[in-house]
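Chemist: Starting off with a structure, shown below.
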Amino acid sequence: MRSHAWIVVILILVHLSSIEGKGKCPKRFKKRGCRPLVIPNTVRSGCRPPYKCGDVCRYACVPGCVRQRGATVRTCRYGRYWIGGKRLKCSCSPCTSGPPVIRNANVVWGSGCSAPFTAGTTCSYQCDHGHSKVGGAETKMCVDGVWRGSSLDCDAVQCPTLTAPEFGSLTPPGPHSYPNLVTFNCETGYVLTGAGDTTCQANGTWSNLVPTCTPVQCPARAAPANGAVHPHGPVSYPNGVTFTCNTGYVMNGASTPTCRADGTWSHPVPTCTPVQCPARAAPANGAVSPTGAVSYPNGVTFTCNSGYVLNGAAAATCRADGTWSHPVPVCTAGPCPTLSAPNNGALSPLGPHGYQTVVTFTCNPGYVLNGVTSATCQADGTWSHPVPTCTPVQCPILSPPINAQKMFQ
Ligand SMILES: *[C@@H]1O[C@H](CO)[C@@H](O)[C@H](O)[C@H]1NC(C)=O
């Protein structure tokens, strides 16, 4: 019975094709229409109901399904049949696992992206926090058991290039992206002012400003007594100060100490000591006071022994350059007052008379010397004896001869 029915159908088909031919719609079929043809997992296009003889419909698999076999075009014929060969069959396997993991991106769950992952399920991706899209597509679709679509390509957000602070450095070197941490350091002798590190944030900005490296400060230095310092006030590494001593003073110590990296001074404050003048010798027959070395601006005084007279300056001052203001004086024997010869007499030698000079006195004939015959000029400028006097010679009183009488009695 079954083979019999098949034979009838085949005969009818052969008959129809022989009398009409393909693509023909005789008048008697024109009014009749085809019923809508529904094929699972497909979408229809190019035609709209009511379907008349000659209408052409195109079928395609719905998104997520792929054509396995069958025709994609069907034509309404004979007012009743859709011809075009085998029906379209679409394969629509579900995806057995969720959307694949993509580096630096994450799946936006919900809104169509949830299990079970049937064919056509679409899942969206978004870049991770601090990352931005550089390529690829935001979605993947489950197509017949496989997730399809180019993967979203996300890179970490880049932060602007950082420059190391002057007299400092940063690690690690750039370029820097989220969430890099950059650390700053200052060279020896410099202090970091500001934040010691900064982070590249998700929005491409730095969390902290680049700090500055300021030089270490050394405390201000006091000027030494009898000296000066330049400059005044605190000094920063690696600078220094210059010490000077006033005129007449010599420096003992370093004149230009420097401020060291640890904020201390390389040398202590020097001292300024007065210039020393060489000791002065006492003049011959004299003395000097004080004895020994004398320092600026002091001086010495000279004296002569008694009987000597000072020739030159009685005092000398020690000058700023270490020399003496005056030479050592000379003590010469002092003169005694000029002596005058006694009346009716003479002296020798004639003046002026120096120390230890011996003067001899004589009287004229007929005169007798009363006093010393010589005097010596003493150390104190006085004479050892006064000048003598010369008195006339006295004749003796005549006495009458014995046994004679005075004539003039
Ligand atoms: C960037 O992000 C930080 C921290 O989240 C925020 O403080 C800053 O205001 C943001 N800057 C800009 C320009 O959006």
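By convention in this document, the chains of the structure tokens carry letters A, B, ... by their order, each chain's residues are numbered from 1, and ligands are numbered from 1 in the order they are shown.
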According to DSSP computed on the backbone, where in segment 104-259 of chain A is there strand (DSSP E or B)? Give the residues as a tab-separated table (two decimals) with N, CA, C and O atoms, in the first residue's frame.
Modeler:
chain	number	residue	atom	x	y	z
A	105	ALA	N	39.83	42.06	31.07
A	105	ALA	CA	38.43	42.40	30.82
A	105	ALA	C	37.56	41.48	31.64
A	105	ALA	O	38.00	40.41	32.09
A	106	ASN	N	36.31	41.86	31.85
A	106	ASN	CA	35.40	41.02	32.60
A	106	ASN	C	34.03	41.01	31.95
A	106	ASN	O	33.65	41.93	31.23
A	107	VAL	N	33.28	39.91	32.20
A	107	VAL	CA	31.96	39.70	31.58
A	107	VAL	C	30.92	40.52	32.32
A	107	VAL	O	30.95	40.61	33.54
A	108	VAL	N	30.02	41.15	31.55
A	108	VAL	CA	28.89	41.84	32.17
A	108	VAL	C	27.75	40.82	32.23
A	108	VAL	O	27.15	40.50	31.20
A	110	GLY	N	24.14	38.99	33.33
A	110	GLY	CA	22.75	39.44	33.29
A	110	GLY	C	22.43	40.04	31.93
A	110	GLY	O	23.25	39.94	31.00
A	113	CYS	N	23.00	37.60	29.29
A	113	CYS	CA	24.18	36.77	29.45
A	113	CYS	C	24.06	36.00	30.74
A	113	CYS	O	24.41	36.50	31.79
A	117	PHE	N	23.62	28.66	28.45
A	117	PHE	CA	24.08	29.48	27.33
A	117	PHE	C	23.63	28.87	26.02
A	117	PHE	O	24.36	28.17	25.34
A	122	THR	N	24.25	36.26	23.91
A	122	THR	CA	25.28	37.27	23.68
A	122	THR	C	25.78	37.78	25.02
A	122	THR	O	24.97	38.12	25.89
A	123	CYS	N	27.07	37.80	25.19
A	123	CYS	CA	27.66	38.32	26.43
A	123	CYS	C	28.55	39.52	26.10
A	123	CYS	O	29.27	39.51	25.10
A	124	SER	N	28.44	40.54	26.95
A	124	SER	CA	29.27	41.75	26.77
A	124	SER	C	30.46	41.68	27.72
A	124	SER	O	30.37	41.11	28.81
A	125	TYR	N	31.54	42.30	27.29
A	125	TYR	CA	32.74	42.43	28.12
A	125	TYR	C	32.99	43.91	28.36
A	125	TYR	O	32.61	44.75	27.53
A	126	GLN	N	33.62	44.18	29.47
A	126	GLN	CA	34.13	45.54	29.67
A	126	GLN	C	35.55	45.45	30.24
A	126	GLN	O	35.89	44.47	30.88
A	127	CYS	N	36.34	46.50	29.92
A	127	CYS	CA	37.72	46.48	30.39
A	127	CYS	C	37.76	46.58	31.91
A	127	CYS	O	36.89	47.21	32.51
A	131	HIS	N	41.85	50.02	33.00
A	131	HIS	CA	42.23	49.57	31.67
A	131	HIS	C	41.29	50.18	30.65
A	131	HIS	O	40.14	50.52	30.97
A	132	SER	N	41.77	50.31	29.43
A	132	SER	CA	40.91	50.88	28.39
A	132	SER	C	41.07	50.07	27.11
A	132	SER	O	42.08	49.38	26.89
A	133	LYS	N	40.02	50.17	26.25
A	133	LYS	CA	39.96	49.37	25.03
A	133	LYS	C	40.97	49.87	24.02
A	133	LYS	O	41.09	51.08	23.78
A	134	VAL	N	41.72	48.90	23.46
A	134	VAL	CA	42.64	49.27	22.39
A	134	VAL	C	42.29	48.51	21.11
A	134	VAL	O	42.91	48.74	20.07
A	135	GLY	N	41.30	47.61	21.18
A	135	GLY	CA	40.92	46.88	19.99
A	135	GLY	C	39.92	45.79	20.34
A	135	GLY	O	39.50	45.65	21.49
A	139	THR	N	31.53	42.24	22.49
A	139	THR	CA	30.59	41.13	22.71
A	139	THR	C	31.09	39.84	22.07
A	139	THR	O	31.87	39.86	21.11
A	140	LYS	N	30.61	38.75	22.63
A	140	LYS	CA	30.79	37.42	22.03
A	140	LYS	C	29.43	36.73	22.04
A	140	LYS	O	28.62	36.97	22.94
A	141	MET	N	29.20	35.92	21.01
A	141	MET	CA	27.92	35.21	20.91
A	141	MET	C	28.17	33.71	20.85
A	141	MET	O	29.15	33.26	20.25
A	142	CYS	N	27.27	33.00	21.51
A	142	CYS	CA	27.34	31.54	21.43
A	142	CYS	C	26.75	31.13	20.08
A	142	CYS	O	25.54	31.30	19.85
A	143	VAL	N	27.60	30.65	19.17
A	143	VAL	CA	27.15	30.25	17.83
A	143	VAL	C	27.36	28.74	17.70
A	143	VAL	O	28.49	28.28	17.64
A	146	VAL	N	29.80	27.33	20.09
A	146	VAL	CA	31.11	27.96	20.19
A	146	VAL	C	30.93	29.46	20.40
A	146	VAL	O	30.08	30.08	19.77
A	147	TRP	N	31.75	30.00	21.31
A	147	TRP	CA	31.69	31.45	21.51
A	147	TRP	C	32.48	32.13	20.41
A	147	TRP	O	33.65	31.86	20.22
A	148	ARG	N	31.82	33.00	19.67
A	148	ARG	CA	32.46	33.66	18.53
A	148	ARG	C	32.48	35.17	18.72
A	148	ARG	O	31.67	35.74	19.43
A	153	ASP	N	40.25	43.81	23.54
A	153	ASP	CA	41.67	43.99	23.87
A	153	ASP	C	41.79	45.21	24.78
A	153	ASP	O	41.51	46.33	24.36
A	154	CYS	N	42.18	44.98	26.05
A	154	CYS	CA	42.26	46.08	27.02
A	154	CYS	C	43.68	46.21	27.53
A	154	CYS	O	44.31	45.21	27.86
A	155	ASP	N	44.18	47.43	27.58
A	155	ASP	CA	45.52	47.69	28.14
A	155	ASP	C	45.39	48.57	29.37
A	155	ASP	O	44.44	49.35	29.48
A	156	ALA	N	46.36	48.43	30.25
A	156	ALA	CA	46.35	49.27	31.45
A	156	ALA	C	46.47	50.74	31.04
A	156	ALA	O	47.18	51.08	30.09
A	158	GLN	N	47.66	54.38	30.82
A	158	GLN	CA	49.00	54.96	30.95
A	158	GLN	C	48.91	56.29	31.69
A	158	GLN	O	47.98	57.07	31.47
A	168	GLY	N	67.58	64.28	42.33
A	168	GLY	CA	66.92	63.08	42.82
A	168	GLY	C	66.70	62.09	41.69
A	168	GLY	O	67.14	62.31	40.56
A	169	SER	N	66.00	60.97	42.03
A	169	SER	CA	65.74	59.96	41.02
A	169	SER	C	64.41	59.29	41.33
A	169	SER	O	63.82	59.53	42.38
A	170	LEU	N	63.93	58.48	40.37
A	170	LEU	CA	62.70	57.74	40.60
A	170	LEU	C	62.90	56.30	40.13
A	170	LEU	O	63.69	56.04	39.22
A	171	THR	N	62.18	55.36	40.79
A	171	THR	CA	62.23	53.96	40.39
A	171	THR	C	60.83	53.40	40.44
A	171	THR	O	60.07	53.78	41.33
A	177	SER	N	52.06	52.63	34.06
A	177	SER	CA	50.62	52.45	33.84
A	177	SER	C	49.98	52.01	35.14
A	177	SER	O	50.66	51.63	36.10
A	181	LEU	N	53.47	51.79	41.15
A	181	LEU	CA	53.91	52.66	42.25
A	181	LEU	C	55.32	53.12	41.93
A	181	LEU	O	56.18	52.29	41.61
A	182	VAL	N	55.53	54.41	41.96
A	182	VAL	CA	56.84	54.98	41.65
A	182	VAL	C	57.40	55.60	42.93
A	182	VAL	O	56.69	56.32	43.64
A	183	THR	N	58.65	55.28	43.25
A	183	THR	CA	59.29	55.79	44.46
A	183	THR	C	60.35	56.82	44.10
A	183	THR	O	61.06	56.66	43.12
A	184	PHE	N	60.40	57.88	44.91
A	184	PHE	CA	61.38	58.96	44.67
A	184	PHE	C	62.49	58.89	45.72
A	184	PHE	O	62.25	58.50	46.86
A	185	ASN	N	63.69	59.31	45.28
A	185	ASN	CA	64.82	59.40	46.21
A	185	ASN	C	65.62	60.65	45.90
A	185	ASN	O	65.65	61.08	44.74
A	186	CYS	N	66.25	61.21	46.93
A	186	CYS	CA	67.09	62.39	46.73
A	186	CYS	C	68.55	61.99	46.89
A	186	CYS	O	68.87	61.05	47.62
A	190	TYR	N	70.65	65.99	50.12
A	190	TYR	CA	69.39	66.64	49.76
A	190	TYR	C	68.24	65.98	50.51
A	190	TYR	O	68.23	64.75	50.70
A	191	VAL	N	67.28	66.78	50.91
A	191	VAL	CA	66.16	66.29	51.69
A	191	VAL	C	64.92	66.29	50.80
A	191	VAL	O	64.68	67.25	50.07
A	192	LEU	N	64.16	65.19	50.88
A	192	LEU	CA	62.95	65.07	50.07
A	192	LEU	C	61.83	65.88	50.70
A	192	LEU	O	61.52	65.69	51.87
A	193	THR	N	61.26	66.80	49.93
A	193	THR	CA	60.14	67.61	50.40
A	193	THR	C	58.94	67.26	49.55
A	193	THR	O	58.93	67.49	48.36
A	197	ASP	N	56.37	58.80	47.29
A	197	ASP	CA	56.00	57.95	46.15
A	197	ASP	C	54.69	58.45	45.56
A	197	ASP	O	54.02	59.32	46.13
A	198	THR	N	54.34	57.90	44.40
A	198	THR	CA	53.11	58.27	43.73
A	198	THR	C	52.61	57.05	42.97
A	198	THR	O	53.39	56.19	42.57
A	199	THR	N	51.28	56.97	42.82
A	199	THR	CA	50.67	55.80	42.17
A	199	THR	C	49.94	56.24	40.91
A	199	THR	O	49.26	57.27	40.91
A	200	CYS	N	50.12	55.44	39.87
A	200	CYS	CA	49.37	55.71	38.62
A	200	CYS	C	47.94	55.22	38.87
A	200	CYS	O	47.72	54.03	39.09
A	206	TRP	N	48.24	60.86	38.36
A	206	TRP	CA	49.13	60.46	39.45
A	206	TRP	C	48.53	60.85	40.79
A	206	TRP	O	47.93	61.92	40.90
A	212	THR	N	60.26	67.62	45.71
A	212	THR	CA	61.49	68.36	45.40
A	212	THR	C	62.58	67.89	46.35
A	212	THR	O	62.30	67.42	47.45
A	213	CYS	N	63.82	68.00	45.88
A	213	CYS	CA	64.97	67.65	46.69
A	213	CYS	C	65.68	68.94	47.08
A	213	CYS	O	66.22	69.62	46.21
A	214	THR	N	65.59	69.29	48.35
A	214	THR	CA	66.20	70.55	48.79
A	214	THR	C	67.48	70.24	49.55
A	214	THR	O	67.56	69.24	50.27
A	215	PRO	N	68.48	71.07	49.35
A	215	PRO	CA	69.77	70.79	49.99
A	215	PRO	C	69.68	70.85	51.51
A	215	PRO	O	68.90	71.62	52.07
A	217	GLN	N	70.59	71.85	55.19
A	217	GLN	CA	71.05	73.13	55.72
A	217	GLN	C	72.00	72.90	56.90
A	217	GLN	O	71.73	72.06	57.76
A	218	CYS	N	73.10	73.65	56.88
A	218	CYS	CA	74.00	73.63	58.04
A	218	CYS	C	73.66	74.86	58.88
A	218	CYS	O	73.26	75.89	58.33
A	227	GLY	N	87.35	88.65	64.35
A	227	GLY	CA	87.27	88.18	62.97
A	227	GLY	C	85.87	88.33	62.44
A	227	GLY	O	84.99	88.89	63.10
A	228	ALA	N	85.64	87.81	61.22
A	228	ALA	CA	84.33	87.91	60.59
A	228	ALA	C	84.05	86.64	59.81
A	228	ALA	O	84.95	85.85	59.54
A	229	VAL	N	82.76	86.43	59.49
A	229	VAL	CA	82.35	85.28	58.70
A	229	VAL	C	81.48	85.77	57.55
A	229	VAL	O	80.72	86.73	57.71
A	230	HIS	N	81.59	85.08	56.39
A	230	HIS	CA	80.77	85.44	55.25
A	230	HIS	C	80.38	84.18	54.52
A	230	HIS	O	81.22	83.34	54.26
A	235	VAL	N	73.69	77.96	55.83
A	235	VAL	CA	74.31	77.68	54.53
A	235	VAL	C	73.89	76.27	54.13
A	235	VAL	O	73.75	75.39	54.97
A	236	SER	N	73.61	76.08	52.85
A	236	SER	CA	73.15	74.77	52.39
A	236	SER	C	74.26	74.00	51.70
A	236	SER	O	75.18	74.59	51.14
A	240	GLY	N	79.86	76.67	51.44
A	240	GLY	CA	80.67	76.88	52.63
A	240	GLY	C	80.68	78.34	53.04
A	240	GLY	O	79.96	79.16	52.47
A	242	THR	N	83.41	81.65	54.53
A	242	THR	CA	84.80	82.10	54.57
A	242	THR	C	85.00	82.92	55.83
A	242	THR	O	84.23	83.85	56.09
A	243	PHE	N	86.00	82.52	56.61
A	243	PHE	CA	86.33	83.27	57.83
A	243	PHE	C	87.51	84.18	57.53
A	243	PHE	O	88.43	83.81	56.79
A	244	THR	N	87.49	85.37	58.11
A	244	THR	CA	88.64	86.28	58.00
A	244	THR	C	88.93	86.81	59.40
A	244	THR	O	88.05	86.86	60.25
A	245	CYS	N	90.20	87.20	59.62
A	245	CYS	CA	90.58	87.80	60.89
A	245	CYS	C	90.81	89.28	60.67
A	245	CYS	O	91.22	89.69	59.58
A	249	TYR	N	95.57	90.25	63.21
A	249	TYR	CA	95.27	88.96	63.83
A	249	TYR	C	95.54	87.85	62.83
A	249	TYR	O	95.31	88.00	61.62
A	250	VAL	N	96.03	86.72	63.32
A	250	VAL	CA	96.35	85.59	62.47
A	250	VAL	C	95.34	84.49	62.73
A	250	VAL	O	94.93	84.28	63.87
A	251	MET	N	94.96	83.76	61.64
A	251	MET	CA	93.97	82.70	61.78
A	251	MET	C	94.64	81.39	62.16
A	251	MET	O	95.66	81.01	61.60
A	252	ASN	N	94.01	80.69	63.11
A	252	ASN	CA	94.44	79.35	63.48
A	252	ASN	C	93.27	78.43	63.21
A	252	ASN	O	92.28	78.48	63.91
A	258	THR	N	83.22	73.71	54.76
A	258	THR	CA	82.06	73.46	53.90
A	258	THR	C	80.96	72.74	54.68
A	258	THR	O	81.23	72.01	55.63
A	259	CYS	N	79.74	72.98	54.20
A	259	CYS	CA	78.57	72.32	54.80
A	259	CYS	C	78.50	70.91	54.23
A	259	CYS	O	78.46	70.72	53.02
Chemist: Counting only C-alpha atoms and all ligand atoms, what are the residues, protein, DNA or RNA alike, that approach ligand 1 to within 12 Å? I want them as a ChimeraX atom specification.
Modeler: /A:129-130,157,159,178-179,198-208
Chemist: Counting only C-alpha atoms, what is within 7 Å of Arg44 of chain A, bar same-chain residues fewer than 3 positions away, as number ranges by chain?
Modeler: A: 57-60
Chemist: Could you please take those selected residues and save C-alpha atoms as a PDB file, in the first residue's frame?
Modeler:
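Writing the result to again16.pdb gives the following:
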ATOM      1  CA  CYS A  57      10.970  33.697   0.396  1.00  0.00           C
ATOM      2  CA  ARG A  58      14.494  33.568   1.682  1.00  0.00           C
ATOM      3  CA  TYR A  59      15.354  31.730   4.851  1.00  0.00           C
ATOM      4  CA  ALA A  60      18.378  32.127   7.035  1.00  0.00           C
TER       5      ALA A  60
END
Chemist: What's the 8 Å shell around His326 of chain A, counting only C-alpha atoms, without same-chain residues fewer than 6 positions away, as JSON, numbers by chain?
Modeler: {"A": [313, 315, 316, 317]}
Chemist: Write down as a list in words the residues belonging to segment 21-263 of chain A that are assigned helix (DSSP H, G or I) by DSSP computed on the backbone.
Modeler: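 Residues of segment 21-263 of chain A classed as helix (DSSP H, G or I): Lys27, Arg28, Phe29 and Lys30 of chain A.
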Chemist: Please list as JSON, numbers by chain every residue within 9 Å of segment 351-358 of chain A, counting only C-alpha atoms and excluding residues in the same chain fewer than 2 positions away.
Modeler: {"A": [307, 308, 333, 334, 335, 336, 337, 338, 339, 340, 348, 349, 360, 374, 375, 376, 377, 378, 379, 380, 381]}
Chemist: Ranking A:Ser266, A:Asn226, A:Thr163, A:Gln394 by minimum distance to Val241 of chain A and counting only C-alpha atoms, which one comes first?
Modeler: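 Among the listed residues, A:Ser266 lies closest to Val241 of chain A.
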Chemist: Write out as a list in words each polymer residue whose atoms come within 8 Å of segment 276-284 of chain A, counting only C-alpha atoms; drop sequence neighbours fewer than 4 positions from it.
Modeler: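 So the residues in contact are Val288, Thr291, Gly292, Ala293, Val294, Ser295, Tyr296, Phe302, Cys304, Cys318, Arg319, Gly322, Thr323, Trp324, Val328, Pro329, Val330 and Cys331 of chain A.
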Chemist: Hey, can you spit out that residue selection with N, CA and C atoms as a PDB file, in the first residue's frame?
Modeler:
ATOM      1  N   VAL A 288     114.604  97.044  78.488  1.00  0.00           N
ATOM      2  CA  VAL A 288     113.332  97.069  77.760  1.00  0.00           C
ATOM      3  C   VAL A 288     112.288  96.455  78.670  1.00  0.00           C
ATOM      4  N   THR A 291     109.802  92.267  78.698  1.00  0.00           N
ATOM      5  CA  THR A 291     110.718  91.454  77.893  1.00  0.00           C
ATOM      6  C   THR A 291     109.905  90.352  77.231  1.00  0.00           C
ATOM      7  N   GLY A 292     110.473  89.718  76.241  1.00  0.00           N
ATOM      8  CA  GLY A 292     109.776  88.634  75.555  1.00  0.00           C
ATOM      9  C   GLY A 292     108.947  89.142  74.389  1.00  0.00           C
ATOM     10  N   ALA A 293     108.255  88.191  73.751  1.00  0.00           N
ATOM     11  CA  ALA A 293     107.464  88.525  72.576  1.00  0.00           C
ATOM     12  C   ALA A 293     106.281  89.399  72.981  1.00  0.00           C
ATOM     13  N   VAL A 294     105.926  90.286  72.097  1.00  0.00           N
ATOM     14  CA  VAL A 294     104.823  91.211  72.337  1.00  0.00           C
ATOM     15  C   VAL A 294     103.864  91.095  71.160  1.00  0.00           C
ATOM     16  N   SER A 295     102.568  91.139  71.449  1.00  0.00           N
ATOM     17  CA  SER A 295     101.590  90.980  70.369  1.00  0.00           C
ATOM     18  C   SER A 295     100.901  92.303  70.053  1.00  0.00           C
ATOM     19  N   TYR A 296     100.449  92.398  68.790  1.00  0.00           N
ATOM     20  CA  TYR A 296      99.697  93.554  68.333  1.00  0.00           C
ATOM     21  C   TYR A 296      98.501  93.754  69.236  1.00  0.00           C
ATOM     22  N   PHE A 302     111.573 101.642  76.462  1.00  0.00           N
ATOM     23  CA  PHE A 302     113.015 101.492  76.675  1.00  0.00           C
ATOM     24  C   PHE A 302     113.456 102.485  77.734  1.00  0.00           C
ATOM     25  N   CYS A 304     117.280 103.892  79.787  1.00  0.00           N
ATOM     26  CA  CYS A 304     118.730 103.800  79.814  1.00  0.00           C
ATOM     27  C   CYS A 304     119.182 103.767  81.264  1.00  0.00           C
ATOM     28  N   CYS A 318     104.070  97.261  68.554  1.00  0.00           N
ATOM     29  CA  CYS A 318     104.002  96.105  67.658  1.00  0.00           C
ATOM     30  C   CYS A 318     102.917  96.384  66.633  1.00  0.00           C
ATOM     31  N   ARG A 319     103.280  96.411  65.345  1.00  0.00           N
ATOM     32  CA  ARG A 319     102.332  96.765  64.304  1.00  0.00           C
ATOM     33  C   ARG A 319     101.592  95.535  63.769  1.00  0.00           C
ATOM     34  N   GLY A 322     103.366  92.698  62.178  1.00  0.00           N
ATOM     35  CA  GLY A 322     104.358  91.951  62.941  1.00  0.00           C
ATOM     36  C   GLY A 322     105.710  92.631  63.012  1.00  0.00           C
ATOM     37  N   THR A 323     105.778  93.859  62.583  1.00  0.00           N
ATOM     38  CA  THR A 323     107.048  94.597  62.684  1.00  0.00           C
ATOM     39  C   THR A 323     106.905  95.663  63.757  1.00  0.00           C
ATOM     40  N   TRP A 324     108.065  96.185  64.195  1.00  0.00           N
ATOM     41  CA  TRP A 324     108.063  97.188  65.237  1.00  0.00           C
ATOM     42  C   TRP A 324     107.999  98.586  64.639  1.00  0.00           C
ATOM     43  N   VAL A 328     115.295  99.978  68.154  1.00  0.00           N
ATOM     44  CA  VAL A 328     115.770 100.043  69.548  1.00  0.00           C
ATOM     45  C   VAL A 328     116.649 101.306  69.695  1.00  0.00           C
ATOM     46  N   PRO A 329     116.387 102.118  70.714  1.00  0.00           N
ATOM     47  CA  PRO A 329     117.194 103.328  70.868  1.00  0.00           C
ATOM     48  C   PRO A 329     118.622 102.995  71.351  1.00  0.00           C
ATOM     49  N   VAL A 330     119.451 104.022  71.346  1.00  0.00           N
ATOM     50  CA  VAL A 330     120.833 103.847  71.815  1.00  0.00           C
ATOM     51  C   VAL A 330     120.990 104.642  73.115  1.00  0.00           C
ATOM     52  N   CYS A 331     121.656 104.021  74.099  1.00  0.00           N
ATOM     53  CA  CYS A 331     121.910 104.733  75.352  1.00  0.00           C
ATOM     54  C   CYS A 331     123.369 105.224  75.313  1.00  0.00           C
TER      55      CYS A 331
END
Chemist: Please, what distance in Å, to one decimal, runs between atom CA of Lys27 of chain A and atom CA of Thr72 of chain A?
Modeler: 27.2 Å
Chemist: In Å to one decimal, how far is atom CA of Asn41 of chain A from atom CA of Val62 of chain A?
Modeler: 5.5 Å
